[in-house]
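Below is my_file-v3.csv, which holds CSV, C-alpha atoms.
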```
chain,number,residue,atom,x,y,z
V,1469,MET,CA,217.3,-21.1,66.7
V,1470,LYS,CA,219.7,-21.7,63.9
V,1471,ASN,CA,219.0,-25.4,63.9
V,1472,ILE,CA,215.2,-24.8,63.5
V,1473,LYS,CA,215.9,-22.6,60.5
V,1474,GLY,CA,218.0,-25.4,58.9
V,1475,ILE,CA,215.2,-27.9,59.5
V,1476,ASN,CA,212.7,-25.5,57.9
V,1477,LYS,CA,215.0,-25.1,54.9
V,1478,LEU,CA,215.3,-28.9,54.6
V,1479,LYS,CA,211.5,-29.2,54.7
V,1480,GLU,CA,211.3,-26.7,51.8
V,1481,MET,CA,213.8,-28.8,49.8
V,1482,VAL,CA,212.0,-32.1,50.2
V,1483,ALA,CA,209.2,-31.2,47.8
V,1484,TYR,CA,211.9,-30.5,45.1
V,1485,LEU,CA,214.0,-33.5,46.0
V,1486,ILE,CA,211.1,-36.1,45.8
V,1487,PRO,CA,211.2,-36.2,41.9
V,1488,VAL,CA,215.0,-36.6,42.1
V,1489,ILE,CA,214.6,-39.5,44.6
V,1490,VAL,CA,212.0,-41.2,42.4
V,1491,VAL,CA,214.2,-41.0,39.3
V,1492,MET,CA,217.3,-42.1,41.1
V,1493,TYR,CA,215.8,-45.0,43.1
V,1494,ILE,CA,212.8,-46.2,41.1
V,1495,LEU,CA,213.7,-45.6,37.5
V,1496,PRO,CA,216.8,-47.9,37.5
V,1497,LEU,CA,214.5,-50.8,38.4
V,1498,PHE,CA,213.1,-50.6,34.9
V,1499,GLY,CA,216.6,-50.7,33.3
V,1500,VAL,CA,216.7,-54.1,31.7
V,1501,ASP,CA,219.9,-53.8,29.6
V,1502,ILE,CA,223.0,-51.6,29.2
V,1503,VAL,CA,221.2,-49.2,26.9
V,1504,SER,CA,218.3,-48.5,29.2
V,1505,ARG,CA,220.6,-48.1,32.2
V,1506,GLY,CA,222.8,-45.8,30.2
V,1507,PHE,CA,219.8,-43.7,29.2
V,1508,ILE,CA,218.7,-43.4,32.9
V,1509,THR,CA,222.2,-42.6,34.1
V,1510,LEU,CA,223.2,-40.2,31.3
V,1511,LEU,CA,220.0,-38.5,30.5
V,1512,ALA,CA,217.0,-39.1,32.9
V,1513,ILE,CA,218.8,-38.5,36.2
V,1514,PRO,CA,220.8,-35.4,35.0
V,1515,ALA,CA,217.7,-33.9,33.4
V,1516,MET,CA,215.7,-34.3,36.6
V,1517,CYS,CA,218.6,-32.9,38.7
V,1518,PHE,CA,219.0,-29.9,36.5
V,1519,LEU,CA,215.2,-29.2,36.2
V,1520,THR,CA,214.4,-29.5,39.9
V,1521,ALA,CA,217.4,-27.4,40.9
V,1522,PHE,CA,216.5,-24.7,38.4
V,1523,VAL,CA,212.9,-24.5,39.6
V,1524,TYR,CA,214.1,-24.6,43.2
V,1525,ALA,CA,216.5,-21.6,42.6
V,1526,ILE,CA,213.7,-19.6,40.8
V,1527,LYS,CA,211.3,-20.2,43.7
V,1528,LYS,CA,213.7,-20.1,46.8
V,1529,GLY,CA,216.9,-18.6,45.5
V,1530,PHE,CA,220.5,-20.0,45.5
V,1531,ASP,CA,221.2,-22.6,48.1
V,1532,VAL,CA,224.3,-24.8,47.8
V,1533,ASN,CA,222.8,-27.3,50.2
V,1534,TYR,CA,220.4,-28.4,47.5
V,1535,ALA,CA,223.3,-29.4,45.2
V,1536,ILE,CA,224.9,-31.2,48.2
V,1537,MET,CA,221.7,-33.1,48.9
V,1538,VAL,CA,221.4,-34.2,45.2
V,1539,ALA,CA,225.0,-35.6,45.4
V,1540,VAL,CA,224.4,-37.3,48.8
V,1541,LEU,CA,221.1,-38.8,47.6
V,1542,PHE,CA,222.8,-40.5,44.6
V,1543,THR,CA,225.5,-42.1,46.7
V,1544,PRO,CA,223.5,-45.1,48.0
V,1545,THR,CA,222.4,-45.9,44.5
V,1546,LEU,CA,226.0,-46.8,43.7
V,1547,PHE,CA,225.7,-49.8,46.0
V,1548,ILE,CA,222.2,-50.7,44.9
V,1549,TYR,CA,222.3,-50.4,41.1
V,1550,TYR,CA,225.7,-49.5,39.9
V,1551,THR,CA,229.4,-50.4,40.3
V,1552,SER,CA,232.2,-48.3,41.6
V,1553,SER,CA,232.9,-47.0,38.1
V,1554,ALA,CA,229.8,-44.8,38.5
V,1555,LEU,CA,231.4,-43.0,41.4
V,1556,ILE,CA,232.1,-40.0,39.2
V,1557,PHE,CA,228.4,-39.3,38.8
V,1558,ILE,CA,228.1,-38.2,42.4
V,1559,SER,CA,230.2,-35.1,41.5
V,1560,ILE,CA,228.6,-34.7,38.0
V,1561,TYR,CA,225.1,-34.6,39.4
V,1562,GLY,CA,226.1,-32.3,42.2
V,1563,ILE,CA,227.9,-29.9,39.8
V,1564,LEU,CA,225.0,-30.0,37.4
V,1565,ALA,CA,222.6,-29.1,40.2
V,1566,LEU,CA,224.9,-26.3,41.2
V,1567,VAL,CA,225.0,-24.9,37.7
V,1568,ALA,CA,221.2,-25.1,37.6
V,1569,LEU,CA,221.0,-23.3,40.9
V,1570,ILE,CA,223.2,-20.5,39.6
V,1571,LEU,CA,221.1,-20.1,36.4
V,1572,GLY,CA,217.8,-20.3,38.3
V,1573,SER,CA,218.9,-17.7,40.9
V,1574,VAL,CA,219.2,-15.2,38.0
V,1575,PHE,CA,215.4,-15.4,37.6
V,1576,HIS,CA,214.7,-15.4,41.4
V,1577,LYS,CA,212.8,-12.4,42.6
V,1578,GLU,CA,213.1,-11.4,46.2
V,1579,LYS,CA,209.8,-10.8,47.8
V,1580,ALA,CA,209.5,-7.2,48.6
V,1581,PRO,CA,208.3,-6.3,52.1
V,1582,ARG,CA,204.6,-5.6,52.1
V,1583,LYS,CA,203.7,-2.0,52.4
V,1584,PRO,CA,200.8,-1.2,54.7
V,1585,ARG,CA,197.6,-0.4,52.8
V,1586,THR,CA,196.6,3.2,52.8
V,1587,VAL,CA,193.1,4.3,52.2
V,1588,LYS,CA,192.7,7.1,49.7
V,1589,ALA,CA,190.3,9.8,50.6
V,1590,THR,CA,187.2,9.9,48.3
V,1591,LYS,CA,184.6,12.6,48.0
V,1592,LYS,CA,182.4,10.7,50.5
V,1593,THR,CA,185.1,10.4,53.1
V,1594,LYS,CA,186.0,14.1,52.7
V,1595,LYS,CA,182.3,15.0,53.4
V,1596,ILE,CA,182.2,12.8,56.4
V,1597,LYS,CA,185.3,14.4,57.9
V,1598,LYS,CA,183.9,17.9,57.6
```
Conversion result in structure tokens:
Amino acid sequence: MKNIKGINKLKEMVAYLIPVIVVMYILPLFGVDIVSRGFITLLAIPAMCFLTAFVYAIKKGFDVNYAIMVAVLFTPTLFIYYTSSALIFISIYGILALVALILGSVFHKEKAPRKPRTVKATKKTKKIKK
């Protein structure tokens, strides 16, 4: 039963991770020089990591697994687009997502259990009961 809960949690995360995946894997294809690659690495990816983690925490609450997933998703891009000098960005993006999760969880509202509806007696219903 615990495994099914984990899979459901991962399914909830996927919708928030897709923009991160697009920015991490597709955006670097358009980096033609060192300036554009630097912009992607230092601004675009961190901004998307922060934004999606913040929104995820507001909607779903704090979940450290989200920050871990962001860090894990960046790891293959090191071998595709970057050199080993970009290894530090794995932890930077993970920590940035963690900070966004903490900040976003402040705004998270737990769903209160639904109360059963009660019907208020009106003049018509009082006459019917008599």
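From atom CA of V:Pro1514 back to atom CA of V:Gly1499, the distance works out to 16.0 Å.
Taking atom CA of V:Gly1506 and atom CA of V:Phe1557 as the two end points, the separation is 12.1 Å.
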Check your understanding: Neighbours of V:Leu1485 within 10 Å (all atoms listed in the file; same-chain residues fewer than 2 positions away dropped), as a ChimeraX atom specification?
Key -> /V:1478,1480-1483,1487-1490,1516-1517,1520-1521,1524,1534,1537-1538,1541
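Comparing the minimum interatomic distances between V:Ser1573 and each of V:Ile1536, V:Ile1486, V:Ile1526, V:Leu1511, counting all atoms listed in the file, we find that V:Ile1526 sits nearest.
Atom pair atom CA of V:Ala1515 / atom CA of V:Ser1553 has a distance of 20.6 Å (rounded to one decimal).
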Revision key, fill the gap. Between V:Ala1554, V:Ala1565, V:Ala1535, V:Ile1560, smallest distance to V:Arg1505 by all atoms listed in the file belongs to V:Ala1554
